[in-house]
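Participant: For reference, the file work17.cif (mmCIF, C-alpha atoms and all ligand atoms) is included below:
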data_query
#
loop_
_atom_site.label_atom_id
_atom_site.label_comp_id
_atom_site.auth_asym_id
_atom_site.auth_seq_id
_atom_site.Cartn_x
_atom_site.Cartn_y
_atom_site.Cartn_z
CA MET A 105 62.12 54.86 132.55
CA PRO A 106 60.24 55.82 129.35
CA LYS A 107 62.01 58.80 127.76
CA ARG A 108 59.86 61.71 126.69
CA LYS A 109 60.43 65.38 126.01
CA PRO A 110 59.85 67.79 128.92
CA SER A 111 56.14 68.02 129.74
CA SER A 112 55.13 66.13 126.67
CA ALA A 113 51.96 64.83 128.36
CA GLU A 114 48.67 65.63 126.74
CA ILE A 115 46.39 67.33 129.30
CA LEU A 116 42.68 66.78 128.82
CA PRO A 117 39.99 68.83 130.60
CA THR A 118 36.73 67.23 131.69
CA ASP A 119 34.52 70.19 132.44
CA SER A 120 31.79 69.62 129.91
CA ARG A 121 29.94 66.46 129.02
CA ASP A 122 31.71 66.15 125.66
CA LEU A 123 35.17 66.84 127.09
CA PHE A 124 34.53 64.33 129.88
CA ARG A 125 33.51 61.65 127.39
CA ALA A 126 36.45 62.37 125.11
CA ALA A 127 38.87 62.15 128.04
CA VAL A 128 37.38 58.83 129.17
CA ALA A 129 37.74 57.47 125.63
CA ARG A 130 41.34 58.66 125.20
CA ALA A 131 42.44 57.43 128.65
CA ALA A 132 40.78 54.04 128.09
CA GLN A 133 42.49 53.70 124.72
CA LEU A 134 45.92 54.30 126.27
CA LEU A 135 45.20 52.01 129.24
CA ARG A 136 44.10 49.19 126.93
CA ALA A 137 47.40 49.62 125.10
CA GLY A 138 49.28 49.09 128.38
CA GLU A 139 50.16 52.76 128.99
CA VAL A 140 50.22 54.68 132.26
CA VAL A 141 47.86 57.64 132.62
CA ALA A 142 47.39 60.20 135.42
CA VAL A 143 43.78 60.51 136.52
CA PRO A 144 41.90 62.46 139.19
CA THR A 145 40.48 60.83 142.30
CA GLU A 146 38.82 62.51 145.26
CA THR A 147 41.84 61.89 147.51
CA VAL A 148 44.85 62.65 145.30
CA TYR A 149 45.68 62.14 141.62
CA GLY A 150 46.50 58.55 140.69
CA LEU A 151 48.98 57.09 138.22
CA ALA A 152 46.83 54.41 136.64
CA ALA A 153 47.47 51.26 134.63
CA ASN A 154 45.54 48.08 133.90
CA ALA A 155 45.78 46.19 137.21
CA LEU A 156 45.57 42.84 135.41
CA ASP A 157 48.51 43.60 133.09
CA ALA A 158 51.80 42.92 134.89
CA GLN A 159 53.85 44.80 132.32
CA ALA A 160 51.67 47.90 132.53
CA VAL A 161 51.95 47.84 136.32
CA ARG A 162 55.74 47.58 136.07
CA ARG A 163 55.61 50.77 134.05
CA ILE A 164 53.97 52.59 136.96
CA PHE A 165 56.93 51.64 139.16
CA ALA A 166 59.38 52.86 136.51
CA VAL A 167 57.61 56.20 136.05
CA LYS A 168 57.41 56.85 139.80
CA GLU A 169 60.80 55.31 140.57
CA ARG A 170 58.90 53.46 143.25
CA PRO A 171 60.66 50.65 145.09
CA ALA A 172 59.29 47.26 143.97
CA PHE A 173 58.52 46.27 147.58
CA ASN A 174 55.71 48.83 147.88
CA PRO A 175 52.34 47.41 146.71
CA VAL A 176 49.82 49.55 144.78
CA ILE A 177 46.10 49.99 145.37
CA VAL A 178 43.61 48.49 142.90
CA HIS A 179 40.69 50.79 142.01
CA VAL A 180 37.27 49.38 141.17
CA ALA A 181 33.87 50.84 140.33
CA SER A 182 31.64 48.21 141.89
CA GLN A 183 31.72 45.79 144.78
CA ALA A 184 31.46 42.94 142.26
CA LEU A 185 34.76 43.99 140.66
CA ALA A 186 36.37 44.29 144.11
CA GLU A 187 35.25 40.75 144.89
CA GLN A 188 37.01 39.48 141.75
CA CYS A 189 40.28 40.94 142.98
CA VAL A 190 40.25 39.10 146.32
CA ALA A 191 40.31 35.44 147.29
CA HIS A 192 37.58 35.83 149.87
CA TRP A 193 35.20 38.72 150.47
CA PRO A 194 34.13 38.76 154.14
CA LEU A 195 30.85 40.13 155.48
CA MET A 196 32.86 42.87 157.19
CA ALA A 197 33.97 44.11 153.76
CA THR A 198 30.37 44.37 152.63
CA LYS A 199 29.51 46.39 155.73
CA LEU A 200 32.46 48.72 155.24
CA ALA A 201 31.71 49.09 151.53
CA GLU A 202 28.09 49.97 152.32
CA ALA A 203 29.22 52.58 154.82
CA PHE A 204 32.16 54.17 153.01
CA TRP A 205 32.25 53.28 149.29
CA PRO A 206 32.58 54.95 146.93
CA GLY A 207 35.09 56.92 148.99
CA PRO A 208 38.52 57.29 150.56
CA LEU A 209 38.83 53.83 152.14
CA THR A 210 41.16 51.06 150.92
CA LEU A 211 40.49 47.51 152.11
CA VAL A 212 43.39 45.05 152.27
CA LEU A 213 42.32 41.45 151.68
CA PRO A 214 43.89 38.19 150.46
CA ARG A 215 44.46 38.59 146.71
CA SER A 216 42.83 36.50 144.01
CA SER A 217 44.72 34.82 141.18
CA ILE A 218 43.82 37.55 138.65
CA ILE A 219 46.02 40.06 140.51
CA PRO A 220 49.66 39.96 139.33
CA ASP A 221 52.61 39.93 141.75
CA GLU A 222 53.63 43.38 140.56
CA VAL A 223 50.52 44.88 142.17
CA THR A 224 50.99 43.26 145.56
CA ALA A 225 54.79 43.47 145.63
CA GLY A 226 54.72 39.69 145.79
CA GLY A 227 52.66 39.72 148.98
CA PRO A 228 49.56 37.65 149.74
CA THR A 229 47.16 40.62 149.98
CA VAL A 230 45.75 43.32 147.73
CA GLY A 231 44.40 46.77 148.60
CA VAL A 232 41.10 47.58 146.85
CA ARG A 233 39.26 50.89 146.71
CA TRP A 234 36.15 52.21 144.98
CA PRO A 235 36.87 55.92 144.55
CA SER A 236 34.07 58.48 144.43
CA HIS A 237 35.47 60.75 141.72
CA PRO A 238 33.16 60.48 138.70
CA PHE A 239 35.99 60.45 136.17
CA ILE A 240 37.83 57.42 137.47
CA GLN A 241 34.52 55.60 137.94
CA ALA A 242 33.55 56.24 134.32
CA LEU A 243 37.02 55.22 133.18
CA ILE A 244 36.99 51.89 135.06
CA ARG A 245 33.54 51.11 133.61
CA GLU A 246 34.74 51.97 130.12
CA CYS A 247 37.87 49.81 130.47
CA GLY A 248 36.11 46.89 132.12
CA PHE A 249 39.25 46.12 134.16
CA PRO A 250 40.37 47.45 137.56
CA LEU A 251 43.03 50.15 137.67
CA ALA A 252 46.20 49.87 139.71
CA ALA A 253 47.09 53.38 140.82
CA PRO A 254 49.49 54.78 143.36
CA SER A 255 49.53 58.51 143.95
CA ALA A 256 50.77 60.40 140.87
CA ASN A 257 54.06 61.71 142.24
CA PRO A 258 57.70 60.62 142.18
CA ALA A 259 58.32 58.14 145.04
CA ASN A 260 58.42 59.73 148.51
CA ARG A 261 57.51 63.19 147.25
CA LEU A 262 54.35 65.16 147.84
CA SER A 263 51.18 63.71 146.38
CA ALA A 264 49.47 65.69 143.62
CA THR A 265 46.02 67.17 144.13
CA THR A 266 45.80 68.98 140.78
CA ALA A 267 46.64 68.10 137.18
CA GLU A 268 49.24 70.88 137.26
CA HIS A 269 51.07 69.24 140.18
CA VAL A 270 51.26 66.04 138.11
CA ARG A 271 52.43 67.91 135.02
CA ARG A 272 55.30 69.53 136.90
CA SER A 273 56.67 66.33 138.38
CA LEU A 274 55.76 63.62 135.85
CA GLY A 275 54.69 65.53 132.74
CA ASN A 276 57.71 64.31 130.78
CA ARG A 277 57.21 60.64 131.66
CA ILE A 278 53.58 59.87 130.78
CA PRO A 279 51.43 60.39 127.68
CA LEU A 280 48.27 61.77 129.32
CA ILE A 281 47.09 63.68 132.38
CA VAL A 282 43.34 64.01 132.83
CA ASP A 283 42.34 67.22 134.60
CA GLY A 284 39.39 66.52 136.88
CA GLY A 285 39.81 69.57 139.09
CA ALA A 286 41.33 69.81 142.57
CA SER A 287 40.96 66.62 144.64
CA HIS A 288 38.31 67.44 147.19
CA VAL A 289 39.47 65.17 150.04
CA GLY A 290 43.07 66.17 149.50
CA ILE A 291 45.00 63.46 151.37
CA GLU A 292 45.36 59.76 150.61
CA SER A 293 42.77 57.13 151.57
CA THR A 294 42.57 55.33 154.89
CA VAL A 295 44.15 51.87 154.43
CA LEU A 296 42.46 49.19 156.53
CA ASP A 297 43.87 45.67 156.76
CA LEU A 298 40.99 43.20 156.83
CA SER A 299 43.28 40.20 156.37
CA ALA A 300 44.14 40.47 160.06
CA SER A 301 41.79 40.03 162.99
CA PRO A 302 40.84 42.41 164.41
CA PRO A 303 41.17 44.76 161.41
CA GLN A 304 44.04 47.23 161.58
CA VAL A 305 44.45 50.74 160.20
CA LEU A 306 47.70 50.71 158.22
CA ARG A 307 47.45 54.32 157.08
CA PRO A 308 45.14 56.87 158.72
CA GLY A 309 42.95 58.97 156.45
CA MET A 310 39.92 61.19 156.56
CA ILE A 311 37.72 58.17 157.33
CA HIS A 312 39.04 57.93 160.83
CA GLN A 313 39.44 55.19 163.39
CA GLU A 314 36.24 56.02 165.26
CA ALA A 315 34.09 56.00 162.11
CA LEU A 316 35.54 52.60 161.20
CA LEU A 317 34.97 51.30 164.71
CA ALA A 318 31.28 52.07 164.41
CA VAL A 319 31.18 49.45 161.64
CA THR A 320 33.86 46.94 162.65
CA GLY A 321 33.22 47.00 166.41
CA GLU A 322 36.90 46.30 166.96
CA LEU A 323 40.24 47.49 165.60
CA ALA A 324 43.80 46.50 166.42
CA ARG A 325 45.60 49.11 168.48
CA PRO A 326 48.11 50.98 166.31
CA GLY A 327 51.32 48.96 166.30
CA ALA A 328 49.64 46.04 168.12
CA ALA A 329 50.16 43.61 165.26
CA GLY A 330 53.91 44.21 165.17
CA PRO A 331 55.91 45.73 162.34
CA SER A 332 53.19 47.36 160.26
CA VAL A 333 55.89 49.33 158.46
CA LEU A 334 56.68 46.17 156.53
CA LYS A 335 53.01 45.45 156.01
CA SER A 336 52.48 48.86 154.49
CA PRO A 337 55.63 50.53 153.21
CA GLY A 338 53.69 53.77 152.84
CA LEU A 339 54.11 53.97 156.59
CA LEU A 340 57.84 54.48 156.26
CA ARG A 341 58.68 57.44 158.41
CA LYS A 342 59.84 59.81 155.71
CA HIS A 343 57.22 60.24 153.02
CA TYR A 344 54.99 62.82 151.42
CA ALA A 345 57.87 65.25 151.67
CA PRO A 346 58.23 68.74 150.25
CA ARG A 347 61.75 69.90 149.36
CA ALA A 348 61.73 72.52 152.10
CA LYS A 349 62.34 71.57 155.71
CA LEU A 350 59.04 71.47 157.52
CA VAL A 351 58.55 72.27 161.21
CA GLN A 352 55.44 72.51 163.33
CA HIS A 353 55.18 75.13 165.99
CA THR A 354 52.57 76.71 168.23
CA TRP A 355 52.62 80.47 168.68
CA LYS A 356 50.36 82.75 170.65
CA ASN A 357 51.17 85.95 168.82
CA GLU A 358 53.39 87.43 166.15
CA GLU A 359 56.22 88.17 168.53
CA GLY A 360 56.36 84.49 169.57
CA LEU A 361 56.47 83.39 165.94
CA ARG A 362 59.20 85.92 165.13
CA VAL A 363 61.38 84.69 168.01
CA PHE A 364 60.94 81.08 166.88
CA SER A 365 61.61 81.97 163.22
CA SER A 366 64.91 83.56 164.06
CA SER A 367 66.02 80.28 165.67
CA VAL A 368 65.48 77.92 162.71
CA GLY A 369 68.77 78.75 161.02
CA VAL A 370 67.74 80.40 157.74
CA PRO A 371 66.94 84.04 156.92
CA ILE A 372 63.30 85.03 157.62
CA SER A 373 62.93 85.75 153.90
CA LYS A 374 63.40 81.99 153.24
CA ILE A 375 60.64 80.98 155.66
CA HIS A 376 57.06 80.33 154.62
CA ILE A 377 54.32 80.26 157.26
CA ILE A 378 51.18 78.12 157.10
CA ALA A 379 48.68 79.24 159.71
CA HIS A 380 45.12 78.31 160.63
CA THR A 381 44.37 80.14 163.88
CA HIS A 382 46.91 82.83 164.81
CA ILE A 383 47.53 84.53 161.47
CA PRO A 384 50.72 86.63 161.28
CA SER A 385 51.24 89.54 158.90
CA LEU A 386 53.55 88.88 155.97
CA GLY A 387 56.40 91.05 157.31
CA LYS A 388 59.70 89.66 155.98
CA PHE A 389 58.48 86.08 155.58
CA SER A 390 58.66 84.69 152.04
CA GLY A 391 54.94 83.97 152.31
CA VAL A 392 52.06 83.40 154.68
CA SER A 393 49.31 80.94 153.76
CA VAL A 394 46.08 80.69 155.66
CA ILE A 395 44.08 77.47 155.71
CA PRO A 396 40.76 77.42 157.58
CA HIS A 397 40.82 75.88 161.05
CA ASP A 398 38.70 72.97 159.89
CA PRO A 399 40.12 69.49 159.24
CA GLU A 400 38.27 68.85 155.96
CA ALA A 401 39.27 72.23 154.55
CA PHE A 402 42.81 71.80 155.84
CA ALA A 403 43.24 68.36 154.26
CA ARG A 404 41.93 69.66 150.95
CA ALA A 405 44.39 72.55 150.88
CA ILE A 406 47.57 71.32 152.54
CA TYR A 407 49.35 69.60 149.63
CA SER A 408 48.69 72.55 147.32
CA GLU A 409 50.20 74.87 149.90
CA LEU A 410 53.27 72.66 150.29
CA HIS A 411 53.68 72.48 146.49
CA ARG A 412 53.42 76.28 146.38
CA CYS A 413 56.07 76.63 149.06
CA ASP A 414 58.44 74.42 147.11
CA GLU A 415 57.92 76.47 143.97
CA SER A 416 58.55 79.71 145.81
CA GLY A 417 61.95 78.37 146.86
CA ALA A 418 61.21 78.57 150.59
CA GLU A 419 63.83 76.69 152.62
CA VAL A 420 61.78 76.24 155.76
CA ILE A 421 58.03 75.91 156.19
CA ILE A 422 56.66 76.63 159.66
CA ILE A 423 53.19 75.16 160.12
CA GLU A 424 51.04 76.18 163.03
CA ALA A 425 50.73 73.00 165.10
CA LEU A 426 47.47 71.09 164.66
CA PRO A 427 44.90 70.25 167.31
CA GLU A 428 45.32 66.76 168.73
CA THR A 429 41.73 65.62 168.21
CA ILE A 430 40.76 62.62 166.06
CA GLU A 431 39.52 64.60 163.05
CA TRP A 432 43.03 66.02 162.64
CA ARG A 433 44.92 62.76 163.12
CA ALA A 434 45.41 61.80 159.46
CA ILE A 435 46.65 65.30 158.59
CA ALA A 436 49.01 65.22 161.58
CA ASP A 437 50.28 61.84 160.34
CA ARG A 438 51.10 63.24 156.88
CA LEU A 439 52.78 66.33 158.30
CA SER A 440 54.92 64.30 160.65
CA ARG A 441 56.12 62.17 157.71
CA ALA A 442 56.65 65.26 155.60
CA ALA A 443 58.76 66.68 158.41
CA ALA A 444 60.79 63.51 159.04
O1 LIG A 501 43.95 57.75 148.14
C1 LIG A 501 44.74 56.90 147.76
O2 LIG A 501 44.91 55.83 148.37
C2 LIG A 501 45.54 57.20 146.50
C3 LIG A 501 44.57 57.29 145.32
C4 LIG A 501 45.29 57.41 144.00
O3 LIG A 501 43.71 56.18 145.34
N1 LIG A 501 46.53 56.20 146.29
C5 LIG A 501 47.64 56.11 147.05
O4 LIG A 501 48.47 55.11 146.64
O5 LIG A 501 47.88 56.84 147.99
P1 LIG A 501 49.97 54.96 147.17
O6 LIG A 501 50.52 53.85 146.38
O7 LIG A 501 50.67 56.26 147.10
O8 LIG A 501 49.78 54.49 148.64
C6 LIG A 501 49.22 53.22 148.87
C7 LIG A 501 49.47 52.81 150.27
C8 LIG A 501 50.92 52.56 150.53
O9 LIG A 501 51.19 52.96 151.86
C9 LIG A 501 51.03 51.04 150.38
O10 LIG A 501 52.12 50.54 151.12
C10 LIG A 501 49.69 50.61 150.94
O11 LIG A 501 48.78 51.59 150.51
N2 LIG A 501 49.25 49.34 150.37
C11 LIG A 501 48.84 49.05 149.12
N3 LIG A 501 48.56 47.75 148.98
C12 LIG A 501 48.78 47.18 150.18
C13 LIG A 501 48.71 45.85 150.69
N4 LIG A 501 48.33 44.84 149.92
N5 LIG A 501 49.03 45.64 151.99
C14 LIG A 501 49.42 46.67 152.77
N6 LIG A 501 49.52 47.96 152.35
C15 LIG A 501 49.22 48.21 151.08
MG MG A 502 51.88 57.78 147.52
#
Could you render the structure as structure tokens?
Facilitator:
Amino acid sequence: MPKRKPSSAEILPTDSRDLFRAAVARAAQLLRAGEVVAVPTETVYGLAANALDAQAVRRIFAVKERPAFNPVIVHVASQALAEQCVAHWPLMATKLAEAFWPGPLTLVLPRSSIIPDEVTAGGPTVGVRWPSHPFIQALIRECGFPLAAPSANPANRLSATTAEHVRRSLGNRIPLIVDGGASHVGIESTVLDLSASPPQVLRPGMIHQEALLAVTGELARPGAAGPSVLKSPGLLRKHYAPRAKLVQHTWKNEEGLRVFSSSVGVPISKIHIIAHTHIPSLGKFSGVSVIPHDPEAFARAIYSELHRCDESGAEVIIIEALPETIEWRAIADRLSRAAA
């Protein structure tokens, strides 16, 4: 892994036209030189490198300590660039791109010869996504090449939704973090495998199954196509994990929560509560966070809350159990992996 001093990363703001342009120029300069740079996207922050430069992509794996078998997503800023990354661009991809791009949807398709093995983990397919965040779009246009970018966090840890999250976990390993504000989707993109028929959701996201169905007409049942864990290592059971132990629980009132809290095996003062409907008072808990009972708002806030819990030194996080409706499914998926 590249050795750098603690938090040696330069952090560039983007909140004026001049700052935005300067950050695009600096990031592009580093990327052209084969460096790895953390950049904002609307889902989570990405750890970007030139997707066509095998050595630069290997650097991403070193920085993240990511296992080489886990492929990375290639980010584009036009359908034309996406088409260059794949061997064949089906009509279905055009329909999905028209409906959901730019946005939090990754399409898995047979790779083209310009995509190095390092990106696909040696596999026959590549995941492509056109993100909606204006910074990464401007950066890809400036570079003229697609950007390989996994989430900007050490492997298996919580994804980062702010520049500060990236600085804390990777600030000593990369030269630049671009601050584009808090990611407004807040959880990772939906990954849809179009190399199989019917298409299959490999990772649920805020573009949910039913929205996709309206375009594709058909989707494989989850698990129908066999061991999707191997197809998409991001589906490994334990992932997206905070340091604290995470449990989900439903409570009707404060008394119910207190009884449950005293059974989890650590002092109440080491327990952090995340609630969305039945809000307890702080009492002796180490903290109580409230996220609105709304899936979009919840997704946007959840990783920040989990990062905050870890910093506070909480040992157990009790999250009020989520509704079981489709809009909550991707968040439930992340929490179940975080709790594994
Ligand atoms: O929202 C996102 O997707 C963020 C931002 C930065 O774009 N990226 C992200 O990347 O979450 P990462 O590497 O943390 O997760 C990518 C997921 C993993 O589960 C990986 O296994 C899967 O996508 N994936 C990537 N390429 C694939 C491929 N060719 N076939 C199957 N799964 C693939
Ligand atoms: Mg990730």
Participant: Do a neighbour search on segment 165-167 of chain A at 10 Å with all atoms listed in the file, toss out local chain neighbours closer than 4 positions, and write the hits as a compact mmCIF listing (two decimals) with C-alpha atoms, in the frame of the given file.
Facilitator:
# COMPACT_ATOMS: atom_id res chain seq x y z
CA MET A 105 62.12 54.86 132.55
CA PRO A 106 60.24 55.82 129.35
CA LYS A 107 62.01 58.80 127.76
CA VAL A 140 50.22 54.68 132.26
CA LEU A 151 48.98 57.09 138.22
CA ALA A 160 51.67 47.90 132.53
CA VAL A 161 51.95 47.84 136.32
CA PRO A 171 60.66 50.65 145.09
CA ALA A 172 59.29 47.26 143.97
CA ASN A 174 55.71 48.83 147.88
CA PRO A 175 52.34 47.41 146.71
CA VAL A 176 49.82 49.55 144.78
CA GLU A 222 53.63 43.38 140.56
CA VAL A 223 50.52 44.88 142.17
CA PRO A 254 49.49 54.78 143.36
CA ALA A 256 50.77 60.40 140.87
CA ASN A 257 54.06 61.71 142.24
CA PRO A 258 57.70 60.62 142.18
CA ALA A 259 58.32 58.14 145.04
CA LEU A 274 55.76 63.62 135.85
CA ASN A 276 57.71 64.31 130.78
CA ARG A 277 57.21 60.64 131.66
CA ILE A 278 53.58 59.87 130.78
Participant: Using only C-alpha atoms for the distances, tell me which of A:Gly391, A:Ile423, A:Leu211, A:Tyr407 is nearest to Met196 of chain A.
Facilitator: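 Comparing A:Gly391, A:Ile423, A:Leu211, A:Tyr407 against Met196 of chain A, the winner is A:Leu211.
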Participant: Quick one: pull the distance between atom CA of Gly417 of chain A and atom CA of Tyr344 of chain A, Å, one decimal.
Facilitator: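 Between these atoms lies a distance of 17.6 Å.
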Participant: Out of A:Glu114, A:Asp283, A:Glu146, A:Asp122, which residue has the shortest atom-to-atom distance to ligand LIG 501 (chain A) when counting all atoms listed in the file?
Facilitator: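 Under the stated criterion, the closest residue is A:Glu146.
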Participant: Would you pick out the contacts of Arg130 of chain A at 12 Å or less, using all atoms listed in the file, so that residues sharing its chain but fewer than 4 positions from it are not included, and give the list as a list in words?
Facilitator: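 With the cut-off at 12 Å, the set is Glu114, Ile115, Leu116, Pro117, Thr118, Leu123, Phe124, Arg125, Ala126, Leu134, Leu135, Arg136, Ala137, Glu139, Val141, Ala142, Val143, Leu243, Glu246, Cys247, Pro279, Leu280, Ile281 and Val282 of chain A.
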Participant: Atoms to include: C-alpha atoms. Write the selected residues as a tab-separated table (two decimals), keeping the file's coordinate frame.
Facilitator:
chain	number	residue	atom	x	y	z
A	114	GLU	CA	48.67	65.63	126.74
A	115	ILE	CA	46.39	67.33	129.30
A	116	LEU	CA	42.68	66.78	128.82
A	117	PRO	CA	39.99	68.83	130.60
A	118	THR	CA	36.73	67.23	131.69
A	123	LEU	CA	35.17	66.84	127.09
A	124	PHE	CA	34.53	64.33	129.88
A	125	ARG	CA	33.51	61.65	127.39
A	126	ALA	CA	36.45	62.37	125.11
A	134	LEU	CA	45.92	54.30	126.27
A	135	LEU	CA	45.20	52.01	129.24
A	136	ARG	CA	44.10	49.19	126.93
A	137	ALA	CA	47.40	49.62	125.10
A	139	GLU	CA	50.16	52.76	128.99
A	141	VAL	CA	47.86	57.64	132.62
A	142	ALA	CA	47.39	60.20	135.42
A	143	VAL	CA	43.78	60.51	136.52
A	243	LEU	CA	37.02	55.22	133.18
A	246	GLU	CA	34.74	51.97	130.12
A	247	CYS	CA	37.87	49.81	130.47
A	279	PRO	CA	51.43	60.39	127.68
A	280	LEU	CA	48.27	61.77	129.32
A	281	ILE	CA	47.09	63.68	132.38
A	282	VAL	CA	43.34	64.01	132.83
Participant: One decimal, in Å: what's the spacing between atom CA of Ile406 of chain A and atom O7 of ligand LIG 501 (chain A)?
Facilitator: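 Computed distance, atom CA of Ile406 of chain A to atom O7 of ligand LIG 501 (chain A), equals 16.3 Å.
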Participant: Name the residues in contact with Arg404 of chain A at a cut-off of 7 Å, using only C-alpha atoms, excluding same-chain residues fewer than 6 positions from it; report them as a PDB file with C-alpha atoms, keeping the file's coordinate frame.
Facilitator:
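In the end it all went to selection_8.pdb:
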ATOM      1  CA  HIS A 288      38.310  67.440 147.190  1.00  0.00           C
ATOM      2  CA  VAL A 289      39.470  65.170 150.040  1.00  0.00           C
ATOM      3  CA  GLY A 290      43.070  66.170 149.500  1.00  0.00           C
ATOM      4  CA  ILE A 291      45.000  63.460 151.370  1.00  0.00           C
TER       5      ILE A 291
END
Participant: Determine, counting all atoms listed in the file, which protein, DNA and RNA residues have an atom within 6 Å of an atom of Ser255 of chain A; residues of the same chain fewer than 6 positions away are not included. Present the result as a list in words.
Facilitator: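 Contacts, in chain order: Tyr149, Gly150, Leu151 and Ser263 of chain A.
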Participant: If we count all atoms listed in the file, what is near Val351 of chain A at a cut-off of 8 Å, once residues fewer than 4 positions away on the same chain are taken out, given as a JSON list (two decimals) with C-alpha atoms, keeping the file's coordinate frame?
Facilitator:
[["chain", "number", "residue", "atom", "x", "y", "z"],
["A", 420, "VAL", "CA", 61.78, 76.24, 155.76],
["A", 421, "ILE", "CA", 58.03, 75.91, 156.19],
["A", 422, "ILE", "CA", 56.66, 76.63, 159.66],
["A", 423, "ILE", "CA", 53.19, 75.16, 160.12],
["A", 443, "ALA", "CA", 58.76, 66.68, 158.41]]
Participant: So, with only C-alpha atoms as the atoms that count, which of A:Thr198, A:Ser390, A:Gln159, A:Asn357 lies closest to Glu415 of chain A?
Facilitator: A:Ser390
Participant: Which of these residues is nearest to Leu251 of chain A, using all atoms listed in the file: A:Arg271, A:His179, A:Lys168, A:Arg215?
Facilitator: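 Under the stated criterion, the closest residue is A:His179.
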Participant: I'd like to know which of A:Ala253, A:Ala158, A:Val190, A:Ala379 is closest to ligand MG 502 (chain A), using all atoms listed in the file.
Facilitator: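 Nearest candidate to ligand MG 502 (chain A) out of A:Ala253, A:Ala158, A:Val190, A:Ala379: A:Ala253.
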Participant: Could you check which of A:Ser236, A:Ile218, A:Thr265, A:Ser182 is closest to ligand MG 502 (chain A), using only C-alpha atoms and all ligand atoms?
Facilitator: A:Thr265
Participant: Would you fill the gaps in segment 222-237 of chain A so it has N, CA and C atoms, then print it as a JSON list (two decimals), in the coordinates of the input?
Facilitator:
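As written to disk, part39.json reads:
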[["chain", "number", "residue", "atom", "x", "y", "z"],
["A", 222, "GLU", "N", 53.14, 41.99, 140.62],
["A", 222, "GLU", "CA", 53.63, 43.38, 140.56],
["A", 222, "GLU", "C", 52.76, 44.31, 141.39],
["A", 223, "VAL", "N", 51.46, 44.02, 141.44],
["A", 223, "VAL", "CA", 50.52, 44.88, 142.17],
["A", 223, "VAL", "C", 50.72, 44.76, 143.68],
["A", 224, "THR", "N", 50.95, 43.53, 144.12],
["A", 224, "THR", "CA", 50.99, 43.26, 145.56],
["A", 224, "THR", "C", 52.41, 43.26, 146.10],
["A", 225, "ALA", "N", 53.37, 43.56, 145.25],
["A", 225, "ALA", "CA", 54.79, 43.47, 145.63],
["A", 225, "ALA", "C", 55.11, 42.05, 146.09],
["A", 226, "GLY", "N", 54.45, 41.09, 145.47],
["A", 226, "GLY", "CA", 54.72, 39.69, 145.79],
["A", 226, "GLY", "C", 54.02, 39.19, 147.03],
["A", 227, "GLY", "N", 53.32, 40.09, 147.72],
["A", 227, "GLY", "CA", 52.66, 39.72, 148.98],
["A", 227, "GLY", "C", 51.35, 38.98, 148.76],
["A", 228, "PRO", "N", 50.77, 38.45, 149.84],
["A", 228, "PRO", "CA", 49.56, 37.65, 149.74],
["A", 228, "PRO", "C", 48.27, 38.48, 149.71],
["A", 229, "THR", "N", 48.38, 39.80, 149.89],
["A", 229, "THR", "CA", 47.16, 40.62, 149.98],
["A", 229, "THR", "C", 47.13, 41.69, 148.89],
["A", 230, "VAL", "N", 45.92, 42.22, 148.68],
["A", 230, "VAL", "CA", 45.75, 43.32, 147.73],
["A", 230, "VAL", "C", 44.89, 44.40, 148.38],
["A", 231, "GLY", "N", 45.22, 45.66, 148.12],
["A", 231, "GLY", "CA", 44.40, 46.77, 148.60],
["A", 231, "GLY", "C", 43.40, 47.15, 147.51],
["A", 232, "VAL", "N", 42.10, 47.19, 147.84],
["A", 232, "VAL", "CA", 41.10, 47.58, 146.85],
["A", 232, "VAL", "C", 40.33, 48.80, 147.33],
["A", 233, "ARG", "N", 39.99, 49.67, 146.37],
["A", 233, "ARG", "CA", 39.26, 50.89, 146.71],
["A", 233, "ARG", "C", 38.32, 51.26, 145.58],
["A", 234, "TRP", "N", 37.13, 51.68, 145.94],
["A", 234, "TRP", "CA", 36.15, 52.21, 144.98],
["A", 234, "TRP", "C", 36.11, 53.72, 145.19],
["A", 235, "PRO", "N", 36.80, 54.47, 144.35],
["A", 235, "PRO", "CA", 36.87, 55.92, 144.55],
["A", 235, "PRO", "C", 35.56, 56.61, 144.14],
["A", 236, "SER", "N", 35.33, 57.79, 144.70],
["A", 236, "SER", "CA", 34.07, 58.48, 144.43],
["A", 236, "SER", "C", 34.16, 59.46, 143.26],
["A", 237, "HIS", "N", 35.37, 59.76, 142.80],
["A", 237, "HIS", "CA", 35.47, 60.75, 141.72],
["A", 237, "HIS", "C", 34.80, 60.22, 140.45]]
